[in-house]
$ cat start-v3.pdb   # PDB, C-alpha atoms
ATOM      1  CA  MET A   1      55.882  57.760  -7.726
ATOM      2  CA  ASN A   2      55.636  60.613  -5.232
ATOM      3  CA  CYS A   3      53.146  63.447  -5.727
ATOM      4  CA  ALA A   4      51.942  66.671  -4.177
ATOM      5  CA  ALA A   5      48.304  65.628  -4.685
ATOM      6  CA  PRO A   6      46.633  62.251  -5.206
ATOM      7  CA  THR A   7      47.458  61.117  -8.725
ATOM      8  CA  ASP A   8      45.736  58.566 -10.941
ATOM      9  CA  PHE A   9      48.610  56.295 -11.926
ATOM     10  CA  GLY A  10      46.363  53.857 -13.775
ATOM     11  CA  LEU A  11      47.092  55.377 -17.157
ATOM     12  CA  SER A  12      50.838  54.750 -16.784
ATOM     13  CA  TRP A  13      50.288  51.231 -15.466
ATOM     14  CA  PRO A  14      50.074  49.449 -18.882
ATOM     15  CA  ASP A  15      53.568  50.583 -19.846
ATOM     16  CA  PHE A  16      54.982  49.497 -16.500
ATOM     17  CA  CYS A  17      53.404  46.067 -16.954
ATOM     18  CA  GLN A  18      54.843  45.679 -20.454
ATOM     19  CA  ARG A  19      58.309  45.990 -18.961
ATOM     20  CA  GLY A  20      57.459  42.991 -16.782
ATOM     21  CA  GLY A  21      58.220  40.238 -19.269
ATOM     22  CA  ALA A  22      57.268  41.735 -22.635
ATOM     23  CA  THR A  23      59.761  44.526 -23.354
ATOM     24  CA  ASP A  24      62.172  43.600 -20.532
ATOM     25  CA  VAL A  25      63.519  40.498 -18.759
ATOM     26  CA  HIS A  26      61.917  41.238 -15.388
ATOM     27  CA  ALA A  27      59.342  38.440 -15.551
ATOM     28  CA  ASP A  28      59.628  36.814 -12.092
ATOM     29  CA  GLY A  29      56.716  38.557 -10.426
ATOM     30  CA  TRP A  30      55.562  42.061  -9.637
ATOM     31  CA  GLY A  31      54.236  44.054  -6.716
ATOM     32  CA  LEU A  32      52.466  47.329  -6.030
ATOM     33  CA  VAL A  33      51.802  49.200  -2.788
ATOM     34  CA  TYR A  34      50.255  52.597  -2.305
ATOM     35  CA  TYR A  35      49.375  54.663   0.723
ATOM     36  CA  ALA A  36      45.839  55.733   1.585
ATOM     37  CA  ASN A  37      46.346  58.180   4.450
ATOM     38  CA  ASN A  38      48.071  56.023   7.098
ATOM     39  CA  GLY A  39      46.833  52.790   5.547
ATOM     40  CA  LEU A  40      48.552  50.697   2.903
ATOM     41  CA  ARG A  41      47.139  48.669   0.015
ATOM     42  CA  GLN A  42      49.315  45.804  -1.256
ATOM     43  CA  PHE A  43      49.190  43.678  -4.415
ATOM     44  CA  HIS A  44      51.685  40.923  -5.315
ATOM     45  CA  ASP A  45      51.843  38.241  -8.020
ATOM     46  CA  ILE A  46      54.466  35.736  -9.196
ATOM     47  CA  GLU A  47      53.211  35.884 -12.786
ATOM     48  CA  ALA A  48      54.894  38.285 -15.197
ATOM     49  CA  ALA A  49      53.239  41.692 -15.022
ATOM     50  CA  SER A  50      52.677  41.719 -18.782
ATOM     51  CA  THR A  51      50.386  38.657 -18.583
ATOM     52  CA  SER A  52      49.043  38.878 -15.021
ATOM     53  CA  PRO A  53      45.223  39.077 -14.759
ATOM     54  CA  LEU A  54      45.624  40.920 -11.451
ATOM     55  CA  ALA A  55      47.842  43.540 -13.099
ATOM     56  CA  GLN A  56      45.301  43.952 -15.895
ATOM     57  CA  PHE A  57      42.528  44.370 -13.320
ATOM     58  CA  LEU A  58      44.451  47.101 -11.476
ATOM     59  CA  GLY A  59      45.003  48.912 -14.759
ATOM     60  CA  GLN A  60      41.239  49.239 -15.119
ATOM     61  CA  GLN A  61      40.747  50.849 -11.709
ATOM     62  CA  ASN A  62      40.721  54.555 -10.908
ATOM     63  CA  ILE A  63      43.349  54.414  -8.168
ATOM     64  CA  GLN A  64      44.722  57.677  -6.813
ATOM     65  CA  ALA A  65      47.575  58.049  -4.353
ATOM     66  CA  SER A  66      50.434  60.376  -3.440
ATOM     67  CA  ASN A  67      53.055  57.747  -2.556
ATOM     68  CA  VAL A  68      53.328  54.607  -4.702
ATOM     69  CA  LEU A  69      55.943  51.839  -4.976
ATOM     70  CA  ALA A  70      55.850  49.334  -7.839
ATOM     71  CA  HIS A  71      58.400  46.640  -8.656
ATOM     72  CA  ILE A  72      58.915  44.089 -11.416
ATOM     73  CA  ARG A  73      61.235  41.295 -10.352
ATOM     74  CA  TYR A  74      64.235  39.699 -12.020
ATOM     75  CA  ALA A  75      65.182  36.934  -9.585
ATOM     76  CA  THR A  76      68.896  37.144  -8.744
ATOM     77  CA  SER A  77      68.499  36.044  -5.111
ATOM     78  CA  GLY A  78      65.756  33.710  -3.936
ATOM     79  CA  GLN A  79      63.463  31.542  -6.011
ATOM     80  CA  VAL A  80      60.326  32.676  -7.815
ATOM     81  CA  ASP A  81      57.881  32.675  -4.909
ATOM     82  CA  LEU A  82      55.186  35.025  -3.658
ATOM     83  CA  ALA A  83      57.126  35.575  -0.419
ATOM     84  CA  ASN A  84      60.018  36.949  -2.485
ATOM     85  CA  VAL A  85      58.024  39.528  -4.445
ATOM     86  CA  HIS A  86      58.735  43.191  -3.703
ATOM     87  CA  PRO A  87      57.753  45.631  -2.238
ATOM     88  CA  PHE A  88      58.180  44.285   1.283
ATOM     89  CA  CYS A  89      56.179  45.950   4.055
ATOM     90  CA  ARG A  90      56.509  46.202   7.831
ATOM     91  CA  GLU A  91      55.089  48.304  10.656
ATOM     92  CA  MET A  92      57.510  50.333  12.765
ATOM     93  CA  TRP A  93      56.606  53.098  15.229
ATOM     94  CA  ALA A  94      52.929  52.738  14.176
ATOM     95  CA  LEU A  95      53.898  53.670  10.609
ATOM     96  CA  ASN A  96      53.793  51.516   7.475
ATOM     97  CA  TRP A  97      57.235  51.116   5.885
ATOM     98  CA  SER A  98      57.660  49.760   2.347
ATOM     99  CA  PHE A  99      60.830  48.720   0.546
ATOM    100  CA  CYS A 100      61.799  47.536  -2.921
ATOM    101  CA  HIS A 101      65.308  46.886  -4.178
ATOM    102  CA  ASN A 102      67.099  46.311  -7.450
ATOM    103  CA  GLY A 103      70.520  44.676  -7.358
ATOM    104  CA  GLN A 104      72.556  42.250  -5.282
ATOM    105  CA  ILE A 105      73.657  42.403  -1.634
ATOM    106  CA  PRO A 106      76.473  39.897  -0.937
ATOM    107  CA  LEU A 107      76.549  40.755   2.789
ATOM    108  CA  PHE A 108      73.106  39.241   3.353
ATOM    109  CA  ASP A 109      73.638  36.375   0.930
ATOM    110  CA  ASP A 110      76.735  35.313   2.887
ATOM    111  CA  HIS A 111      75.637  36.384   6.383
ATOM    112  CA  PRO A 112      71.820  36.583   6.505
ATOM    113  CA  ASP A 113      71.690  37.339  10.251
ATOM    114  CA  THR A 114      73.983  40.377  10.099
ATOM    115  CA  TRP A 115      73.182  43.109  12.630
ATOM    116  CA  LEU A 116      73.799  46.598  11.272
ATOM    117  CA  GLY A 117      75.103  49.445  13.403
ATOM    118  CA  ASN A 118      76.850  49.566  16.761
ATOM    119  CA  ILE A 119      73.796  49.738  19.021
ATOM    120  CA  PRO A 120      72.534  46.336  20.200
ATOM    121  CA  GLY A 121      68.836  45.649  20.383
ATOM    122  CA  ASP A 122      66.128  43.061  20.041
ATOM    123  CA  ARG A 123      65.636  41.586  16.592
ATOM    124  CA  MET A 124      62.002  42.483  15.863
ATOM    125  CA  TYR A 125      61.919  41.967  12.100
ATOM    126  CA  TYR A 126      62.629  38.742  10.238
ATOM    127  CA  PRO A 127      62.439  37.968   6.517
ATOM    128  CA  VAL A 128      59.516  35.838   5.366
ATOM    129  CA  GLY A 129      61.149  34.950   2.058
ATOM    130  CA  THR A 130      64.719  34.178   1.031
ATOM    131  CA  THR A 131      65.860  37.305  -0.826
ATOM    132  CA  ASP A 132      68.855  39.403   0.128
ATOM    133  CA  SER A 133      66.577  42.418  -0.362
ATOM    134  CA  GLU A 134      64.135  41.512   2.403
ATOM    135  CA  LYS A 135      66.992  40.591   4.733
ATOM    136  CA  ALA A 136      68.516  44.038   4.190
ATOM    137  CA  PHE A 137      65.154  45.741   4.771
ATOM    138  CA  CYS A 138      64.636  43.921   8.066
ATOM    139  CA  ALA A 139      68.203  44.686   9.157
ATOM    140  CA  ILE A 140      67.765  48.401   8.453
ATOM    141  CA  LEU A 141      64.524  48.543  10.439
ATOM    142  CA  ASN A 142      66.006  46.551  13.335
ATOM    143  CA  SER A 143      68.934  48.953  13.552
ATOM    144  CA  LEU A 144      66.734  52.063  13.443
ATOM    145  CA  ARG A 145      64.374  50.646  16.064
ATOM    146  CA  ALA A 146      67.296  49.858  18.378
ATOM    147  CA  GLU A 147      68.813  53.321  18.048
ATOM    148  CA  PHE A 148      65.724  55.491  18.438
ATOM    149  CA  THR A 149      63.853  54.468  21.573
ATOM    150  CA  GLY A 150      62.611  57.725  23.104
ATOM    151  CA  SER A 151      61.584  59.869  20.158
ATOM    152  CA  MET A 152      61.504  59.327  16.430
ATOM    153  CA  PRO A 153      64.337  60.830  14.375
ATOM    154  CA  SER A 154      63.864  64.014  12.413
ATOM    155  CA  LEU A 155      64.319  63.672   8.659
ATOM    156  CA  PRO A 156      67.924  64.999   8.605
ATOM    157  CA  VAL A 157      68.900  62.567  11.380
ATOM    158  CA  LEU A 158      67.122  59.703   9.620
ATOM    159  CA  HIS A 159      68.836  60.631   6.350
ATOM    160  CA  ASP A 160      72.294  60.436   7.900
ATOM    161  CA  ARG A 161      71.513  57.185   9.725
ATOM    162  CA  ILE A 162      70.213  55.419   6.622
ATOM    163  CA  ARG A 163      73.278  56.536   4.667
ATOM    164  CA  ALA A 164      75.571  55.168   7.369
ATOM    165  CA  LEU A 165      73.779  51.799   7.274
ATOM    166  CA  CYS A 166      74.110  51.725   3.485
ATOM    167  CA  ASP A 167      77.843  52.408   3.786
ATOM    168  CA  GLU A 168      78.114  49.459   6.167
ATOM    169  CA  ILE A 169      76.293  47.186   3.712
ATOM    170  CA  ILE A 170      78.506  48.268   0.817
ATOM    171  CA  GLU A 171      81.762  48.025   2.799
ATOM    172  CA  TYR A 172      81.490  44.224   2.938
ATOM    173  CA  ASP A 173      81.865  43.915  -0.860
ATOM    174  CA  PRO A 174      82.095  47.235  -2.726
ATOM    175  CA  GLN A 175      82.663  45.527  -6.074
ATOM    176  CA  GLY A 176      79.805  43.049  -5.860
ATOM    177  CA  THR A 177      77.155  45.142  -4.107
ATOM    178  CA  ILE A 178      74.351  46.726  -6.124
ATOM    179  CA  LEU A 179      72.142  48.720  -3.771
ATOM    180  CA  ASN A 180      69.329  50.603  -5.480
ATOM    181  CA  PHE A 181      66.222  50.939  -3.353
ATOM    182  CA  LEU A 182      63.033  52.849  -2.591
ATOM    183  CA  LEU A 183      61.974  53.155   1.050
ATOM    184  CA  ALA A 184      58.639  54.741   1.948
ATOM    185  CA  CYS A 185      57.648  55.554   5.523
ATOM    186  CA  GLY A 186      54.091  56.787   5.503
ATOM    187  CA  PRO A 187      51.935  58.680   3.026
ATOM    188  CA  HIS A 188      54.431  61.476   2.311
ATOM    189  CA  ALA A 189      58.084  60.432   2.521
ATOM    190  CA  LEU A 190      59.906  58.386  -0.129
ATOM    191  CA  TRP A 191      63.641  57.720   0.318
ATOM    192  CA  VAL A 192      65.639  56.774  -2.786
ATOM    193  CA  TYR A 193      69.222  55.433  -2.730
ATOM    194  CA  SER A 194      71.595  54.263  -5.457
ATOM    195  CA  TYR A 195      74.931  52.454  -5.561
ATOM    196  CA  PRO A 196      77.130  52.153  -7.628
ATOM    197  CA  GLY A 197      75.229  53.480 -10.656
ATOM    198  CA  ARG A 198      74.495  51.904 -13.997
ATOM    199  CA  ARG A 199      76.930  50.041 -16.197
ATOM    200  CA  PRO A 200      75.932  50.305 -19.879
ATOM    201  CA  GLY A 201      75.219  46.936 -21.473
ATOM    202  CA  SER A 202      74.480  45.126 -18.209
ATOM    203  CA  SER A 203      71.030  43.748 -17.337
ATOM    204  CA  THR A 204      71.728  43.777 -13.588
ATOM    205  CA  TRP A 205      74.114  46.701 -12.970
ATOM    206  CA  ASN A 206      71.503  49.447 -13.017
ATOM    207  CA  GLY A 207      71.161  52.790 -11.305
ATOM    208  CA  LEU A 208      68.125  54.934 -10.543
ATOM    209  CA  HIS A 209      66.750  57.918 -12.420
ATOM    210  CA  TYR A 210      64.072  60.445 -11.573
ATOM    211  CA  THR A 211      62.119  63.176 -13.290
ATOM    212  CA  VAL A 212      59.920  65.893 -11.813
ATOM    213  CA  ARG A 213      56.963  66.931 -13.920
ATOM    214  CA  SER A 214      53.759  68.915 -13.860
ATOM    215  CA  ARG A 215      52.501  68.082 -17.327
ATOM    216  CA  SER A 216      51.573  65.270 -19.712
ATOM    217  CA  THR A 217      54.314  63.318 -21.411
ATOM    218  CA  CYS A 218      54.995  60.497 -23.851
ATOM    219  CA  LEU A 219      56.263  57.066 -22.880
ATOM    220  CA  GLY A 220      58.747  55.164 -24.986
ATOM    221  CA  ASP A 221      56.389  52.178 -25.322
ATOM    222  CA  GLU A 222      52.904  53.709 -25.176
ATOM    223  CA  ASP A 223      51.464  57.219 -25.095
ATOM    224  CA  TYR A 224      49.707  58.267 -21.921
ATOM    225  CA  ALA A 225      48.679  61.342 -19.954
ATOM    226  CA  VAL A 226      49.045  61.487 -16.184
ATOM    227  CA  THR A 227      45.887  62.696 -14.462
ATOM    228  CA  VAL A 228      46.166  64.534 -11.181
ATOM    229  CA  SER A 229      43.454  65.037  -8.576
ATOM    230  CA  ILE A 230      43.138  68.735  -7.819
ATOM    231  CA  PRO A 231      41.431  69.417  -4.459
ATOM    232  CA  GLY A 232      38.402  71.658  -4.847
ATOM    233  CA  ASN A 233      37.740  70.814  -8.499
ATOM    234  CA  SER A 234      34.220  70.034  -9.528
ATOM    235  CA  THR A 235      33.452  67.349 -12.158
ATOM    236  CA  ASN A 236      35.268  64.146 -11.293
ATOM    237  CA  GLY A 237      38.079  65.602  -9.158
ATOM    238  CA  CYS A 238      40.724  64.946 -11.812
ATOM    239  CA  GLU A 239      42.267  67.138 -14.429
ATOM    240  CA  LYS A 240      44.906  66.386 -17.018
ATOM    241  CA  SER A 241      48.256  68.039 -16.276
ATOM    242  CA  SER A 242      49.165  70.350 -19.139
ATOM    243  CA  PHE A 243      51.678  72.822 -17.724
ATOM    244  CA  PRO A 244      54.812  73.460 -19.795
ATOM    245  CA  ASN A 245      58.194  72.883 -18.194
ATOM    246  CA  GLY A 246      59.180  75.491 -15.661
ATOM    247  CA  SER A 247      55.703  76.866 -14.983
ATOM    248  CA  ALA A 248      55.009  75.065 -11.693
ATOM    249  CA  ASN A 249      55.432  78.146  -9.522
ATOM    250  CA  ASP A 250      52.051  78.990  -7.993
ATOM    251  CA  LYS A 251      50.142  76.984  -5.411
ATOM    252  CA  THR A 252      47.885  75.361  -7.999
ATOM    253  CA  SER A 253      50.720  74.151 -10.197
ATOM    254  CA  ARG A 254      52.709  72.985  -7.183
ATOM    255  CA  SER A 255      49.777  70.791  -6.174
ATOM    256  CA  ARG A 256      50.256  69.001  -9.513
ATOM    257  CA  GLN A 257      53.939  68.260  -8.968
ATOM    258  CA  ILE A 258      54.803  64.620  -9.692
ATOM    259  CA  CYS A 259      58.092  62.758  -9.319
ATOM    260  CA  ILE A 260      58.694  59.450 -11.079
ATOM    261  CA  VAL A 261      61.651  57.284 -10.002
ATOM    262  CA  ALA A 262      62.687  54.361 -12.207
ATOM    263  CA  THR A 263      65.613  52.095 -12.957
ATOM    264  CA  THR A 264      65.804  53.430 -16.506
ATOM    265  CA  PRO A 265      64.149  56.533 -18.003
ATOM    266  CA  LEU A 266      60.569  55.767 -18.998
ATOM    267  CA  THR A 267      59.913  58.747 -21.254
ATOM    268  CA  ASN A 268      61.572  60.303 -24.251
ATOM    269  CA  ASP A 269      60.499  63.940 -24.020
ATOM    270  CA  GLU A 270      61.724  65.112 -20.614
ATOM    271  CA  GLU A 271      64.893  65.264 -18.534
ATOM    272  CA  TRP A 272      65.760  62.285 -16.325
ATOM    273  CA  ILE A 273      68.392  62.755 -13.628
ATOM    274  CA  GLU A 274      70.521  59.803 -12.565
ATOM    275  CA  LEU A 275      71.278  59.486  -8.865
ATOM    276  CA  LYS A 276      74.950  59.748  -8.013
ATOM    277  CA  PRO A 277      76.667  56.773  -6.346
ATOM    278  CA  ARG A 278      75.790  56.648  -2.612
ATOM    279  CA  GLU A 279      73.267  59.465  -3.004
ATOM    280  CA  LEU A 280      70.191  59.360  -0.754
ATOM    281  CA  ILE A 281      67.280  61.640  -1.676
ATOM    282  CA  LEU A 282      63.998  62.252   0.110
ATOM    283  CA  PHE A 283      61.034  62.921  -2.167
ATOM    284  CA  ASP A 284      58.095  64.776  -0.642
ATOM    285  CA  GLU A 285      55.203  66.382  -2.522
ATOM    286  CA  GLY A 286      56.859  65.385  -5.784
ATOM    287  CA  LEU A 287      60.125  67.235  -5.126
ATOM    288  CA  PRO A 288      63.645  66.028  -4.192
ATOM    289  CA  HIS A 289      65.271  67.071  -0.896
ATOM    290  CA  VAL A 290      68.850  66.342   0.173
ATOM    291  CA  SER A 291      70.353  69.041   2.402
ATOM    292  CA  PRO A 292      69.536  69.358   6.125
ATOM    293  CA  ARG A 293      67.985  72.758   5.361
ATOM    294  CA  GLU A 294      65.534  71.212   2.880
ATOM    295  CA  LEU A 295      64.770  68.260   5.153
ATOM    296  CA  PHE A 296      64.035  70.481   8.144
ATOM    297  CA  ARG A 297      61.696  72.511   5.945
ATOM    298  CA  VAL A 298      59.771  69.320   5.127
ATOM    299  CA  GLU A 299      59.640  68.583   8.867
ATOM    300  CA  MET A 300      58.243  72.027   9.621
ATOM    301  CA  GLN A 301      55.526  71.456   7.014
ATOM    302  CA  GLY A 302      54.348  68.444   9.007
ATOM    303  CA  HIS A 303      55.615  65.700   6.702
ATOM    304  CA  GLY A 304      58.147  64.128   9.043
ATOM    305  CA  LEU A 305      57.560  60.876  10.901
ATOM    306  CA  ASP A 306      54.308  61.227  12.830
ATOM    307  CA  ASN A 307      52.270  58.465  14.490
ATOM    308  CA  ASN A 308      50.068  60.766  16.597
ATOM    309  CA  GLY A 309      52.043  59.795  19.701
ATOM    310  CA  LYS A 310      51.057  56.121  19.541
ATOM    311  CA  VAL A 311      54.547  54.702  20.190
ATOM    312  CA  LEU A 312      57.400  57.204  20.333
ATOM    313  CA  THR A 313      57.118  60.951  20.615
ATOM    314  CA  LYS A 314      57.686  63.140  17.576
ATOM    315  CA  ALA A 315      61.189  64.206  16.641
ATOM    316  CA  ARG A 316      62.846  66.746  18.912
ATOM    317  CA  LEU A 317      63.214  69.360  16.197
ATOM    318  CA  GLU A 318      64.814  72.111  18.239
ATOM    319  CA  GLU A 319      67.426  69.712  19.607
ATOM    320  CA  ASP A 320      68.170  68.306  16.151
ATOM    321  CA  MET A 321      68.275  71.785  14.626
ATOM    322  CA  ARG A 322      70.905  72.846  17.135
ATOM    323  CA  GLN A 323      72.928  69.778  16.166
ATOM    324  CA  TYR A 324      72.850  70.944  12.527
ATOM    325  CA  GLU A 325      73.233  74.601  13.571
ATOM    326  CA  PHE A 326      69.723  75.574  12.493
ATOM    327  CA  HIS A 327      66.994  77.313  14.471
ATOM    328  CA  LYS A 328      63.258  77.579  13.895
ATOM    329  CA  GLU A 329      63.638  81.313  13.313
ATOM    330  CA  PHE A 330      65.383  80.434  10.059
ATOM    331  CA  TYR A 331      62.018  79.423   8.576
ATOM    332  CA  VAL A 332      59.960  82.376   9.815
ATOM    333  CA  GLY A 333      58.265  84.001   6.839
ATOM    334  CA  GLY A 334      58.855  80.969   4.654
ATOM    335  CA  GLY A 335      55.221  79.918   4.590
ATOM    336  CA  ILE A 336      55.672  77.453   7.479
TER     337      ILE A 336
END
$ encode --input "start-v3.pdb" --output "structure tokens"
Amino acid sequence: MNCAAPTDFGLSWPDFCQRGGATDVHADGWGLVYYANNGLRQFHDIEAASTSPLAQFLGQQNIQASNVLAHIRYATSGQVDLANVHPFCREMWALNWSFCHNGQIPLFDDHPDTWLGNIPGDRMYYPVGTTDSEKAFCAILNSLRAEFTGSMPSLPVLHDRIRALCDEIIEYDPQGTILNFLLACGPHALWVYSYPGRRPGSSTWNGLHYTVRSRSTCLGDEDYAVTVSIPGNSTNGCEKSSFPNGSANDKTSRSRQICIVATTPLTNDEEWIELKPRELILFDEGLPHVSPRELFRVEMQGHGLDNNGKVLTKARLEEDMRQYEFHKEFYVGGGI
């Protein structure tokens, strides 16, 4: 879940948990991480989410966040063990990165020490568990860390680099690879990638779907209303979203924008869009961004990679814009 304002996801949590062993086969553990400014809260359990006391406890809490990753596991690689429960988390460039994956990655099952990319570097990240997913996550971070040593990449550059690494992973076994993942890098940015898409009737060949909303909705399993924290509100700081489709145009409604990404559509009264094969989307403030123009706009709004200069300097926007034939003047008057 990626939102424009802190959102109380507790009311949608019961339905998510039911899919962890009750209404679905994903009963081999569950995990949840959410960002609190630059910090990260993590919860993992090997018990099925539908029966986990920890999951029930979280459902009773008033937790609000703008960037949330949750995963229910169906063990296809690696045994049922706490070290194998997604999402996996690492620090890079003084930022918290989180990753969860659905599918199978033969490259890292067959060659767990594979180095991605053509730029050599020190291997800084190692898997704690035995899943192909965590091995892929560590390999992606190792490659990015080796390539960007002076300044952090801008979002368009990072987009293209992640896509290239995904192509390399898939190239090893295009028929056997299932690469659906969520990758968060800080409190704003959520990258979503899908390959090769869903195959109807299969329990493992799944794709990814997303919906953007600014209103209440109805789940297939249980009814619920998403509550969104609206800055400046009195009372308890939360208000139920009740905008009809297509009305999120002013600043207030935009602050209520919410994007939900899931393996399969979770609701029955709104449009869910399936990611295309090999499509990589950045979600920021509850909205999808793909083109360099959109990604540079997110950068100019201050939601690119930023560690306050602790490790690497910020992205060299003007240099990257020239590479993509954009200039800052393009955004003058655009509210940036």
$ axis_aligned_box --input "start-v3.pdb" --around "region 263-281 of chain A" --padding-each-side "8 Å" --output "JSON"
{"center_x": 68.3, "center_y": 58.7, "center_z": -12.5, "size_x": 32.8, "size_y": 29.2, "size_z": 39.5}
$ resolve_selection --input "start-v3.pdb" --expression "the PyMOL selection byres ((chain A and resi 317) around 12)" --output "number ranges by chain"
A: 151-157, 292, 295-300, 302, 304-305, 313-316, 318-328
$ closest_residue --input "start-v3.pdb" --among "A:Asn84, A:Thr263, A:Gln301, A:Ser52" --to "Gly129 (chain A)" --atoms "only C-alpha atoms"
A:Asn84
$ residues_near_point --input "start-v3.pdb" --point "(76.9, 53.3, -3.3)" --cutoff "12 Å" --atoms "only C-alpha atoms" --output "compact mmCIF listing (two decimals) with C-alpha atoms, in the coordinates of the input"
# COMPACT_ATOMS: atom_id res chain seq x y z
CA GLY A 103 70.52 44.68 -7.36
CA ILE A 105 73.66 42.40 -1.63
CA ARG A 163 73.28 56.54 4.67
CA ALA A 164 75.57 55.17 7.37
CA LEU A 165 73.78 51.80 7.27
CA CYS A 166 74.11 51.72 3.48
CA ASP A 167 77.84 52.41 3.79
CA GLU A 168 78.11 49.46 6.17
CA ILE A 169 76.29 47.19 3.71
CA ILE A 170 78.51 48.27 0.82
CA GLU A 171 81.76 48.02 2.80
CA TYR A 172 81.49 44.22 2.94
CA ASP A 173 81.86 43.92 -0.86
CA PRO A 174 82.10 47.24 -2.73
CA GLN A 175 82.66 45.53 -6.07
CA GLY A 176 79.81 43.05 -5.86
CA THR A 177 77.16 45.14 -4.11
CA ILE A 178 74.35 46.73 -6.12
CA LEU A 179 72.14 48.72 -3.77
CA ASN A 180 69.33 50.60 -5.48
CA PHE A 181 66.22 50.94 -3.35
CA VAL A 192 65.64 56.77 -2.79
CA TYR A 193 69.22 55.43 -2.73
CA SER A 194 71.60 54.26 -5.46
CA TYR A 195 74.93 52.45 -5.56
CA PRO A 196 77.13 52.15 -7.63
CA GLY A 197 75.23 53.48 -10.66
CA ARG A 198 74.50 51.90 -14.00
CA ASN A 206 71.50 49.45 -13.02
CA GLY A 207 71.16 52.79 -11.30
CA LEU A 208 68.12 54.93 -10.54
CA LEU A 275 71.28 59.49 -8.86
CA LYS A 276 74.95 59.75 -8.01
CA PRO A 277 76.67 56.77 -6.35
CA ARG A 278 75.79 56.65 -2.61
CA GLU A 279 73.27 59.46 -3.00
CA LEU A 280 70.19 59.36 -0.75
$ residues_around --input "start-v3.pdb" --residues "Leu141 (chain A)" --least-positions-apart "4" --cutoff "9 Å" --atoms "all atoms listed in the file" --output "list in words"
Arg90, Met92, Trp97, Met124, Tyr125, Ala136, Phe137, Arg145 and Ala146 of chain A
$ resolve_selection --input "start-v3.pdb" --expression "the PyMOL selection byres ((chain A and resi 100) around 6)" --output "list in words"
His86, Pro87, Phe99, His101, Phe181 and Leu182 of chain A
$ atom_distance --input "start-v3.pdb" --atom1 "CA of Thr264 (chain A)" --atom2 "CA of Arg199 (chain A)"
11.6 Å
$ atom_distance --input "start-v3.pdb" --atom1 "CA of Phe88 (chain A)" --atom2 "CA of Ala36 (chain A)"
16.8 Å
